[in-house]
Every structure is written in structure tokens, then in C-alpha cells.
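With PDB, C-alpha atoms inside, this is my_file_14.pdb:
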ATOM      1  CA  MET A  77      13.207  -1.719   8.871  1.00  0.00           C
ATOM      2  CA  THR A  78       9.883  -3.469   9.451  1.00  0.00           C
ATOM      3  CA  GLN A  79       8.604  -4.825  12.745  1.00  0.00           C
ATOM      4  CA  HIS A  80       5.782  -7.361  12.918  1.00  0.00           C
ATOM      5  CA  ARG A  81       3.393  -8.192  15.736  1.00  0.00           C
ATOM      6  CA  THR A  82       0.774 -10.933  15.507  1.00  0.00           C
ATOM      7  CA  VAL A  83      -2.241 -11.286  17.798  1.00  0.00           C
ATOM      8  CA  ALA A  84      -4.664 -14.190  17.909  1.00  0.00           C
ATOM      9  CA  GLU A  85      -7.734 -11.984  17.825  1.00  0.00           C
ATOM     10  CA  THR A  86      -8.687  -8.336  17.798  1.00  0.00           C
ATOM     11  CA  GLY A  87     -11.567  -6.162  16.694  1.00  0.00           C
ATOM     12  CA  SER A  88      -9.803  -4.415  13.825  1.00  0.00           C
ATOM     13  CA  THR A  89      -6.094  -4.114  13.049  1.00  0.00           C
ATOM     14  CA  ASN A  90      -6.706  -0.654  11.564  1.00  0.00           C
ATOM     15  CA  ALA A  91      -8.440   0.528  14.730  1.00  0.00           C
ATOM     16  CA  ASP A  92      -5.632  -0.873  16.855  1.00  0.00           C
ATOM     17  CA  LEU A  93      -2.990   0.770  14.709  1.00  0.00           C
ATOM     18  CA  VAL A  94      -4.729   4.134  14.955  1.00  0.00           C
ATOM     19  CA  LEU A  95      -4.176   3.935  18.707  1.00  0.00           C
ATOM     20  CA  LEU A  96      -0.610   2.722  18.288  1.00  0.00           C
ATOM     21  CA  ALA A  97       0.113   5.554  15.845  1.00  0.00           C
ATOM     22  CA  LYS A  98      -1.119   8.073  18.404  1.00  0.00           C
ATOM     23  CA  ALA A  99       1.193   6.414  20.943  1.00  0.00           C
ATOM     24  CA  GLY A 100       4.194   6.879  18.639  1.00  0.00           C
ATOM     25  CA  ALA A 101       4.455   3.655  16.629  1.00  0.00           C
ATOM     26  CA  ALA A 102       7.145   3.948  13.987  1.00  0.00           C
ATOM     27  CA  GLU A 103       6.762   3.712  10.238  1.00  0.00           C
ATOM     28  CA  GLY A 104       7.210   0.133   9.095  1.00  0.00           C
ATOM     29  CA  PHE A 105       5.374  -1.431  12.036  1.00  0.00           C
ATOM     30  CA  TRP A 106       2.906  -4.160  10.999  1.00  0.00           C
ATOM     31  CA  LEU A 107       0.088  -5.604  13.101  1.00  0.00           C
ATOM     32  CA  ARG A 108      -1.481  -8.875  11.947  1.00  0.00           C
ATOM     33  CA  ALA A 109      -4.456 -10.621  13.512  1.00  0.00           C
ATOM     34  CA  GLU A 110      -5.281 -14.266  12.985  1.00  0.00           C
ATOM     35  CA  ARG A 111      -8.930 -13.314  13.387  1.00  0.00           C
ATOM     36  CA  GLN A 112     -10.888 -10.046  13.549  1.00  0.00           C
ATOM     37  CA  THR A 113     -14.238  -9.627  15.265  1.00  0.00           C
ATOM     38  CA  ALA A 114     -15.000  -6.160  13.860  1.00  0.00           C
ATOM     39  CA  GLY A 115     -13.105  -6.022  10.588  1.00  0.00           C
ATOM     40  CA  ARG A 116     -14.260  -3.368   8.163  1.00  0.00           C
ATOM     41  CA  GLY A 117     -13.852  -2.372   4.572  1.00  0.00           C
ATOM     42  CA  ARG A 118     -14.501   0.902   2.796  1.00  0.00           C
ATOM     43  CA  GLN A 119     -17.528   2.990   3.757  1.00  0.00           C
ATOM     44  CA  GLY A 120     -17.938   1.078   7.013  1.00  0.00           C
ATOM     45  CA  ARG A 121     -18.735  -2.273   5.429  1.00  0.00           C
ATOM     46  CA  ALA A 122     -18.090  -5.376   7.532  1.00  0.00           C
ATOM     47  CA  TRP A 123     -15.058  -7.441   6.516  1.00  0.00           C
ATOM     48  CA  VAL A 124     -15.607 -11.134   7.276  1.00  0.00           C
ATOM     49  CA  SER A 125     -12.489 -12.325   9.082  1.00  0.00           C
ATOM     50  CA  PRO A 126     -12.194 -16.091   9.718  1.00  0.00           C
ATOM     51  CA  PRO A 127      -8.785 -17.586  10.586  1.00  0.00           C
ATOM     52  CA  GLY A 128      -6.507 -18.470   7.679  1.00  0.00           C
ATOM     53  CA  ASN A 129      -6.608 -15.177   5.776  1.00  0.00           C
ATOM     54  CA  VAL A 130      -4.408 -12.091   6.083  1.00  0.00           C
ATOM     55  CA  TYR A 131      -5.689  -9.187   8.189  1.00  0.00           C
ATOM     56  CA  ALA A 132      -2.842  -6.737   8.629  1.00  0.00           C
ATOM     57  CA  SER A 133      -2.192  -3.023   8.978  1.00  0.00           C
ATOM     58  CA  THR A 134       0.870  -0.848   8.799  1.00  0.00           C
ATOM     59  CA  LEU A 135       1.536   2.882   8.934  1.00  0.00           C
ATOM     60  CA  VAL A 136       3.425   5.514   6.992  1.00  0.00           C
ATOM     61  CA  ARG A 137       4.597   8.680   8.739  1.00  0.00           C
ATOM     62  CA  LEU A 138       4.051  11.509   6.302  1.00  0.00           C
ATOM     63  CA  ARG A 139       6.821  13.975   5.492  1.00  0.00           C
ATOM     64  CA  GLY A 140       6.417  17.437   4.034  1.00  0.00           C
ATOM     65  CA  SER A 141       7.847  16.409   0.678  1.00  0.00           C
ATOM     66  CA  ASP A 142       5.733  13.259   0.281  1.00  0.00           C
ATOM     67  CA  PRO A 143       3.133  12.910  -2.491  1.00  0.00           C
ATOM     68  CA  GLN A 144      -0.536  13.172  -1.549  1.00  0.00           C
ATOM     69  CA  ALA A 145      -1.429  10.789   1.266  1.00  0.00           C
ATOM     70  CA  ALA A 146      -4.334   9.288  -0.673  1.00  0.00           C
ATOM     71  CA  THR A 147      -1.932   7.929  -3.294  1.00  0.00           C
ATOM     72  CA  LEU A 148      -0.667   5.430  -0.729  1.00  0.00           C
ATOM     73  CA  ALA A 149      -3.666   3.368  -1.842  1.00  0.00           C
ATOM     74  CA  LEU A 150      -1.886   2.918  -5.181  1.00  0.00           C
ATOM     75  CA  VAL A 151       1.349   2.037  -3.371  1.00  0.00           C
ATOM     76  CA  ALA A 152      -0.440  -0.611  -1.334  1.00  0.00           C
ATOM     77  CA  ALA A 153      -2.153  -1.974  -4.437  1.00  0.00           C
ATOM     78  CA  VAL A 154       0.995  -2.487  -6.488  1.00  0.00           C
ATOM     79  CA  ALA A 155       2.798  -4.035  -3.508  1.00  0.00           C
ATOM     80  CA  LEU A 156      -0.139  -6.357  -2.863  1.00  0.00           C
ATOM     81  CA  GLU A 157      -0.368  -7.444  -6.492  1.00  0.00           C
ATOM     82  CA  GLU A 158       3.355  -8.140  -6.493  1.00  0.00           C
ATOM     83  CA  ALA A 159       3.144 -10.236  -3.316  1.00  0.00           C
ATOM     84  CA  VAL A 160       0.189 -12.303  -4.514  1.00  0.00           C
ATOM     85  CA  ALA A 161       1.920 -12.905  -7.847  1.00  0.00           C
ATOM     86  CA  VAL A 162       4.894 -14.400  -5.993  1.00  0.00           C
ATOM     87  CA  PHE A 163       2.703 -17.089  -4.465  1.00  0.00           C
ATOM     88  CA  LEU A 164       0.691 -17.736  -7.599  1.00  0.00           C
ATOM     89  CA  GLY A 165       3.957 -18.243  -9.441  1.00  0.00           C
ATOM     90  CA  ALA A 166       5.126 -20.726  -6.794  1.00  0.00           C
ATOM     91  CA  SER A 167       1.926 -22.776  -7.040  1.00  0.00           C
ATOM     92  CA  PRO A 168       2.407 -26.382  -8.197  1.00  0.00           C
ATOM     93  CA  SER A 169      -0.724 -25.877 -10.318  1.00  0.00           C
ATOM     94  CA  PRO A 170      -0.315 -22.322 -11.592  1.00  0.00           C
ATOM     95  CA  VAL A 171      -3.345 -20.325 -12.583  1.00  0.00           C
ATOM     96  CA  ARG A 172      -3.889 -20.250 -16.332  1.00  0.00           C
ATOM     97  CA  ARG A 173      -2.514 -17.073 -17.922  1.00  0.00           C
ATOM     98  CA  SER A 174      -3.755 -17.002 -21.490  1.00  0.00           C
ATOM     99  CA  ALA A 175      -3.640 -13.894 -23.648  1.00  0.00           C
ATOM    100  CA  PRO A 176      -6.980 -12.073 -23.386  1.00  0.00           C
ATOM    101  CA  PRO A 177      -8.962 -10.578 -26.225  1.00  0.00           C
ATOM    102  CA  ALA A 178      -8.944  -6.790 -26.327  1.00  0.00           C
ATOM    103  CA  LEU A 179     -10.964  -5.021 -23.662  1.00  0.00           C
ATOM    104  CA  SER A 180     -11.993  -8.245 -21.904  1.00  0.00           C
ATOM    105  CA  ARG A 181     -11.420  -9.313 -18.332  1.00  0.00           C
ATOM    106  CA  ARG A 182      -8.112 -11.089 -18.037  1.00  0.00           C
ATOM    107  CA  GLU A 183      -9.268 -14.434 -16.667  1.00  0.00           C
ATOM    108  CA  GLY A 184      -6.600 -16.282 -14.727  1.00  0.00           C
ATOM    109  CA  GLU A 185      -4.684 -13.080 -14.079  1.00  0.00           C
ATOM    110  CA  LEU A 186      -4.464 -10.634 -11.242  1.00  0.00           C
ATOM    111  CA  VAL A 187      -6.114  -7.328 -12.085  1.00  0.00           C
ATOM    112  CA  LEU A 188      -6.131  -4.141 -10.043  1.00  0.00           C
ATOM    113  CA  LYS A 189      -9.445  -2.290  -9.899  1.00  0.00           C
ATOM    114  CA  TRP A 190      -9.782   1.249  -8.634  1.00  0.00           C
ATOM    115  CA  PRO A 191      -9.979   2.291  -5.873  1.00  0.00           C
ATOM    116  CA  ASN A 192      -8.843  -0.593  -3.662  1.00  0.00           C
ATOM    117  CA  ASP A 193      -9.461  -4.064  -5.077  1.00  0.00           C
ATOM    118  CA  LEU A 194      -7.272  -6.856  -6.384  1.00  0.00           C
ATOM    119  CA  LEU A 195      -9.217  -9.291  -8.573  1.00  0.00           C
ATOM    120  CA  LEU A 196      -8.394 -12.850  -9.585  1.00  0.00           C
ATOM    121  CA  ASP A 197     -10.483 -14.332 -12.391  1.00  0.00           C
ATOM    122  CA  GLY A 198     -12.668 -11.245 -12.098  1.00  0.00           C
ATOM    123  CA  ALA A 199     -13.478 -11.947  -8.432  1.00  0.00           C
ATOM    124  CA  LYS A 200     -12.409  -9.915  -5.410  1.00  0.00           C
ATOM    125  CA  LEU A 201      -9.375 -11.433  -3.726  1.00  0.00           C
ATOM    126  CA  SER A 202      -8.392  -8.633  -1.392  1.00  0.00           C
ATOM    127  CA  GLY A 203      -9.003  -5.059  -0.359  1.00  0.00           C
ATOM    128  CA  ILE A 204      -7.230  -2.022   1.047  1.00  0.00           C
ATOM    129  CA  LEU A 205      -8.439   0.497   3.623  1.00  0.00           C
ATOM    130  CA  LEU A 206      -6.697   3.784   4.482  1.00  0.00           C
ATOM    131  CA  ASP A 207      -7.226   5.734   7.694  1.00  0.00           C
ATOM    132  CA  ARG A 208      -5.524   8.988   8.723  1.00  0.00           C
ATOM    133  CA  VAL A 209      -4.449  10.077  12.199  1.00  0.00           C
ATOM    134  CA  ASP A 210      -2.270  13.183  12.557  1.00  0.00           C
ATOM    135  CA  ASP A 211       0.865  12.613  10.435  1.00  0.00           C
ATOM    136  CA  ALA A 212       0.257   8.876  10.041  1.00  0.00           C
ATOM    137  CA  VAL A 213      -1.623   7.016   7.315  1.00  0.00           C
ATOM    138  CA  ILE A 214      -2.834   3.607   8.439  1.00  0.00           C
ATOM    139  CA  VAL A 215      -2.884   1.096   5.579  1.00  0.00           C
ATOM    140  CA  GLY A 216      -5.038  -1.953   6.210  1.00  0.00           C
ATOM    141  CA  ILE A 217      -4.885  -4.949   3.873  1.00  0.00           C
ATOM    142  CA  GLY A 218      -7.108  -8.015   3.839  1.00  0.00           C
ATOM    143  CA  VAL A 219      -6.329 -10.971   1.593  1.00  0.00           C
ATOM    144  CA  ASN A 220      -8.475 -14.063   1.099  1.00  0.00           C
ATOM    145  CA  LEU A 221      -5.933 -16.843   1.394  1.00  0.00           C
ATOM    146  CA  ALA A 222      -7.930 -19.771   2.762  1.00  0.00           C
ATOM    147  CA  HIS A 223     -11.515 -18.468   2.717  1.00  0.00           C
ATOM    148  CA  HIS A 224     -13.713 -15.996   0.882  1.00  0.00           C
ATOM    149  CA  PRO A 225     -17.150 -14.642   1.758  1.00  0.00           C
ATOM    150  CA  ASP A 226     -20.303 -15.023  -0.291  1.00  0.00           C
ATOM    151  CA  LEU A 227     -21.343 -11.446  -1.077  1.00  0.00           C
ATOM    152  CA  PRO A 228     -24.595 -10.434  -2.792  1.00  0.00           C
ATOM    153  CA  ASP A 229     -23.165  -7.660  -4.962  1.00  0.00           C
ATOM    154  CA  ARG A 230     -19.826  -9.023  -6.188  1.00  0.00           C
ATOM    155  CA  ALA A 231     -17.921 -12.220  -6.880  1.00  0.00           C
ATOM    156  CA  THR A 232     -15.208 -13.194  -4.419  1.00  0.00           C
ATOM    157  CA  THR A 233     -12.428 -15.754  -4.392  1.00  0.00           C
ATOM    158  CA  SER A 234      -9.410 -16.963  -2.422  1.00  0.00           C
ATOM    159  CA  LEU A 235      -6.011 -18.370  -3.247  1.00  0.00           C
ATOM    160  CA  ALA A 236      -7.142 -21.706  -1.802  1.00  0.00           C
ATOM    161  CA  ALA A 237      -9.951 -21.781  -4.364  1.00  0.00           C
ATOM    162  CA  HIS A 238      -7.210 -21.672  -7.000  1.00  0.00           C
ATOM    163  CA  GLY A 239      -5.259 -24.514  -5.429  1.00  0.00           C
ATOM    164  CA  VAL A 240      -2.693 -22.267  -3.735  1.00  0.00           C
ATOM    165  CA  GLY A 241      -2.000 -22.808  -0.038  1.00  0.00           C
ATOM    166  CA  VAL A 242      -0.265 -19.898   1.693  1.00  0.00           C
ATOM    167  CA  ASP A 243       0.668 -19.358   5.333  1.00  0.00           C
ATOM    168  CA  PRO A 244      -0.515 -15.878   6.424  1.00  0.00           C
ATOM    169  CA  ALA A 245       2.745 -15.080   8.240  1.00  0.00           C
ATOM    170  CA  ALA A 246       4.806 -16.026   5.181  1.00  0.00           C
ATOM    171  CA  PHE A 247       2.565 -13.911   2.981  1.00  0.00           C
ATOM    172  CA  LEU A 248       2.975 -10.906   5.243  1.00  0.00           C
ATOM    173  CA  ASP A 249       6.768 -11.197   5.093  1.00  0.00           C
ATOM    174  CA  VAL A 250       6.654 -10.873   1.296  1.00  0.00           C
ATOM    175  CA  LEU A 251       4.028  -8.132   1.369  1.00  0.00           C
ATOM    176  CA  ALA A 252       5.880  -6.030   3.947  1.00  0.00           C
ATOM    177  CA  GLU A 253       9.082  -6.149   1.902  1.00  0.00           C
ATOM    178  CA  ALA A 254       7.261  -5.144  -1.288  1.00  0.00           C
ATOM    179  CA  PHE A 255       5.361  -2.354   0.459  1.00  0.00           C
ATOM    180  CA  ALA A 256       8.525  -0.869   1.997  1.00  0.00           C
ATOM    181  CA  ARG A 257      10.227  -0.881  -1.396  1.00  0.00           C
ATOM    182  CA  TRP A 258       7.295   0.837  -3.129  1.00  0.00           C
ATOM    183  CA  VAL A 259       6.973   3.409  -0.349  1.00  0.00           C
ATOM    184  CA  GLY A 260      10.632   4.222  -0.896  1.00  0.00           C
ATOM    185  CA  LEU A 261      10.014   4.720  -4.611  1.00  0.00           C
ATOM    186  CA  TRP A 262       6.861   6.775  -3.939  1.00  0.00           C
ATOM    187  CA  ARG A 263       8.756   8.972  -1.500  1.00  0.00           C
ATOM    188  CA  GLY A 264      11.944   9.284  -3.520  1.00  0.00           C
ATOM    189  CA  GLU A 265      10.618   9.647  -7.059  1.00  0.00           C
ATOM    190  CA  GLY A 266       6.994  10.688  -6.673  1.00  0.00           C
ATOM    191  CA  ILE A 267       3.752   9.077  -7.725  1.00  0.00           C
ATOM    192  CA  ALA A 268       4.507   8.686 -11.455  1.00  0.00           C
ATOM    193  CA  ALA A 269       6.324   5.342 -11.251  1.00  0.00           C
ATOM    194  CA  VAL A 270       3.729   3.892  -8.882  1.00  0.00           C
ATOM    195  CA  ARG A 271       0.907   5.115 -11.094  1.00  0.00           C
ATOM    196  CA  ALA A 272       2.588   3.578 -14.157  1.00  0.00           C
ATOM    197  CA  ARG A 273       2.933   0.205 -12.419  1.00  0.00           C
ATOM    198  CA  TRP A 274      -0.705   0.340 -11.267  1.00  0.00           C
ATOM    199  CA  LEU A 275      -1.868   0.964 -14.826  1.00  0.00           C
ATOM    200  CA  GLU A 276       0.225  -1.954 -16.095  1.00  0.00           C
ATOM    201  CA  ARG A 277      -1.543  -4.258 -13.658  1.00  0.00           C
ATOM    202  CA  ALA A 278      -5.069  -2.858 -14.108  1.00  0.00           C
ATOM    203  CA  HIS A 279      -7.802  -3.796 -16.557  1.00  0.00           C
ATOM    204  CA  PRO A 280      -7.161  -2.307 -20.024  1.00  0.00           C
ATOM    205  CA  VAL A 281      -8.068   1.219 -21.041  1.00  0.00           C
ATOM    206  CA  GLY A 282     -11.504   0.981 -22.621  1.00  0.00           C
ATOM    207  CA  THR A 283     -12.894  -1.488 -20.080  1.00  0.00           C
ATOM    208  CA  ALA A 284     -16.544  -0.734 -19.295  1.00  0.00           C
ATOM    209  CA  LEU A 285     -17.058   0.381 -15.675  1.00  0.00           C
ATOM    210  CA  THR A 286     -19.874   1.560 -13.443  1.00  0.00           C
ATOM    211  CA  ALA A 287     -19.076   4.082 -10.703  1.00  0.00           C
ATOM    212  CA  ARG A 288     -21.558   4.468  -7.846  1.00  0.00           C
ATOM    213  CA  LEU A 289     -20.980   7.776  -6.074  1.00  0.00           C
ATOM    214  CA  ALA A 290     -21.678   8.390  -2.400  1.00  0.00           C
ATOM    215  CA  ASP A 291     -24.752  10.501  -3.256  1.00  0.00           C
ATOM    216  CA  GLY A 292     -26.304   7.581  -5.159  1.00  0.00           C
ATOM    217  CA  ILE A 293     -25.495   8.811  -8.658  1.00  0.00           C
ATOM    218  CA  VAL A 294     -24.420   6.017 -11.026  1.00  0.00           C
ATOM    219  CA  ILE A 295     -22.016   6.790 -13.859  1.00  0.00           C
ATOM    220  CA  ASP A 296     -21.247   4.348 -16.677  1.00  0.00           C
ATOM    221  CA  GLY A 297     -18.195   4.850 -18.836  1.00  0.00           C
ATOM    222  CA  LEU A 298     -15.025   3.401 -20.264  1.00  0.00           C
ATOM    223  CA  PHE A 299     -11.847   3.246 -18.205  1.00  0.00           C
ATOM    224  CA  ASP A 300      -9.565   6.056 -19.378  1.00  0.00           C
ATOM    225  CA  GLY A 301      -6.671   5.641 -16.975  1.00  0.00           C
ATOM    226  CA  LEU A 302      -5.790   7.630 -13.864  1.00  0.00           C
ATOM    227  CA  ASP A 303      -5.224  11.347 -13.584  1.00  0.00           C
ATOM    228  CA  PRO A 304      -1.772  12.489 -12.339  1.00  0.00           C
ATOM    229  CA  ASP A 305      -2.980  12.360  -8.716  1.00  0.00           C
ATOM    230  CA  GLY A 306      -4.349   8.827  -9.000  1.00  0.00           C
ATOM    231  CA  ALA A 307      -8.063   9.595  -9.446  1.00  0.00           C
ATOM    232  CA  LEU A 308     -10.094   7.409 -11.798  1.00  0.00           C
ATOM    233  CA  THR A 309     -10.983   8.820 -15.208  1.00  0.00           C
ATOM    234  CA  LEU A 310     -13.952   7.617 -17.238  1.00  0.00           C
ATOM    235  CA  ARG A 311     -14.818   8.378 -20.860  1.00  0.00           C
ATOM    236  CA  LEU A 312     -18.571   8.851 -21.028  1.00  0.00           C
ATOM    237  CA  ALA A 313     -20.800   8.059 -24.000  1.00  0.00           C
ATOM    238  CA  SER A 314     -20.991  11.800 -24.712  1.00  0.00           C
ATOM    239  CA  GLY A 315     -17.227  11.921 -25.073  1.00  0.00           C
ATOM    240  CA  GLU A 316     -16.827  13.808 -21.800  1.00  0.00           C
ATOM    241  CA  ARG A 317     -13.906  12.778 -19.622  1.00  0.00           C
ATOM    242  CA  ARG A 318     -15.071  12.467 -16.014  1.00  0.00           C
ATOM    243  CA  VAL A 319     -12.643  12.387 -13.062  1.00  0.00           C
ATOM    244  CA  ILE A 320     -13.840  10.280 -10.124  1.00  0.00           C
ATOM    245  CA  HIS A 321     -12.250  10.858  -6.715  1.00  0.00           C
ATOM    246  CA  ALA A 322     -14.438   8.548  -4.598  1.00  0.00           C
ATOM    247  CA  ALA A 323     -16.865   5.813  -5.627  1.00  0.00           C
ATOM    248  CA  ASP A 324     -17.624   2.115  -5.661  1.00  0.00           C
ATOM    249  CA  VAL A 325     -16.510   0.833  -9.057  1.00  0.00           C
ATOM    250  CA  PHE A 326     -17.665  -2.327 -10.827  1.00  0.00           C
ATOM    251  CA  LEU A 327     -16.556  -4.012 -14.019  1.00  0.00           C
ATOM    252  CA  LEU A 328     -19.375  -4.426 -16.549  1.00  0.00           C
TER
END

Represent the supplied structure as C-alpha cells.
Amino acid sequence: MTQHRTVAETGSTNADLVLLAKAGAAEGFWLRAERQTAGRGRQGRAWVSPPGNVYASTLVRLRGSDPQAATLALVAAVALEEAVAVFLGASPSPVRRSAPPALSRREGELVLKWPNDLLLDGAKLSGILLDRVDDAVIVGIGVNLAHHPDLPDRATTSLAAHGVGVDPAAFLDVLAEAFARWVGLWRGEGIAAVRARWLERAHPVGTALTARLADGIVIDGLFDGLDPDGALTLRLASGERRVIHAADVFLL
């Protein structure tokens, strides 16, 4: 059973939930802020947080039989894609969904991009951030509903830019239900079903990607799926299959 709390403003919902997890917050608890003053993305990047978007975090209490904690990023991604699709489908002016040519970006469609992005028309719509404290994994999700930032290194978008108006509280209701259902599947049946759904909603195998590793190394290759634990696999020009566990990834 999920429990929601909304605050008008906070620094970071993930940071707040870390403290709440230490204090004993139960799995299924969601904290949403109407505005964040210190929102962050992966690798410490600032997450611009004006009112009107979704800034929310929840937690999963790990059990001994659970799959690897890091694979909760895939769980969050498939739940997020499912929730956004609900509202796109309800739009009075639905986004165009034409059949794409092979190996192209699927314009007008939602596309998952490893490790934590949901794209719409090739532009970043939302992101996911995982933090760990003791037996709890904090899952933070930001979704551009009404606004999107202008970033120098990537295209961004919002649902409002596609003519879709969504109330953040209503969005969170749908997202929380989807996330709880996918966590149940992840916990009960393992990562395989979640991984399969993620791959169905991702860019096609063979899509050209660039991976920028933390040490500055840049690797270009073709998307070759995910390994059984959810890591990205790239097929290099040499034919080598490279497994990527952490990187910034860009579509070429």
C-alpha cells in the first residue's frame, strides 16, 4: 500500500527520503515536492525544479532474495514510461506515432535510454536517480510536465510542449501504482520480465550510441541490448562486445 506526502518546497526529495528511510519509513512511501531548491540528477548535476513538474521519491526495502539493487533503475524506467504513456494516450491531440524506419529514432514515441532517461521525440522528458541507505534504495523521479530546462549538451522537452496538460498529483497517483506493480514483478519473478519490457520500450538494437565513462574515455558503438544484470552492451566497430556498467550515454 502506498502513502503519499506532498510539500510545497524542499531542497531535494531524495535527500529528505534518505533521512526518512533512516528513521524507518516503510516501502511504498512517496514524497513529492511542488518545488525543489537543490534538486540533483546523476553525478551531482543540478536538476532545475520550477513548480508544475513532478519531483518525487520513494523507497524500496531490500530483501535477501531480491534481484540486484541497481536493477531498480530498470523497474523505475518501465513504470515511468507506462505512466507517461497513459497521459499521452489521454491527450486530445495525441502525439504522432508513425512507424519509424529501421535503426532511426522513433519520433513521436516514448523511448527509454540507458541508464536513466525517458525521451520523447528524442528529447529528455524525465530522469531517475537512485540512492542507497542501509537496506533501502531511494528512487527519485523527475518528470517535465509543464516546463523543461534549456541544457547545452542535450535536447529537453515537456508534456506541455506536446499539448498535454497534466496535474503533478494525478501523475504521481498513476506512477506510484505502476511502480508498485513492477516492483512486485521484479521481486516475485526476477529481473528478466522487467528487462524484457525495458528492451521493448528502448531504441532498437543497432542504434548508434556514445558512452562517456567517468574517467573521460568515450566509446562509440551500436546498441546491443542489456546483459542479464541490466548493464548496457555496445557492439564496437572491431566487433568486440563491450559491457558498460556506468556512463553518460547519448544517441548519435

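Of the listed residues A:Trp190, A:Trp262, A:Phe247, A:Phe105, the one whose atoms come nearest to A:Ala153 is A:Trp190, with distances taken using all atoms listed in the file.
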
Legend entry - Output check: residues returned by the PyMOL selection byres ((chain A and resi 89) around 12), as an NGL selection string: :A and (81-88 or 90-97 or 105-117 or 123 or 125 or 130-135 or 205-207 or 214-218)

Legend entry - Residues in the PyMOL selection byres ((chain A and resi 305-314) around 8), expressed as a ChimeraX atom specification: /A:144,147,150,190-191,267,271,296-304,315-321

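What the PyMOL selection byres ((chain A and resi 78) around 7) matches in the given file is Met77, Gln79, His80, Gly104 and Phe105 of chain A.
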
Inset, instruction - Please provide as an NGL selection string all residues within 10 Å of A:Asp243, with the sequence filter that same-chain residues fewer than 4 positions apart are discarded (counting all atoms listed in the file). - result: :A and (128-130 or 221-222 or 247-248)

Inset, instruction - Tell me which of A:Glu158, A:Leu328, A:Pro143, A:Asp229 sits closest to A:Gly282, counting all atoms listed in the file. - result: A:Leu328

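For the residues A:Val325, A:Ala212, A:Ile295, A:Val160, ranking by smallest atom-to-atom distance to A:Arg230 using only C-alpha atoms places A:Val325 first.
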
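For the pair atom CA of A:Val242 and atom CA of A:Pro126, the separation is 14.9 Å.
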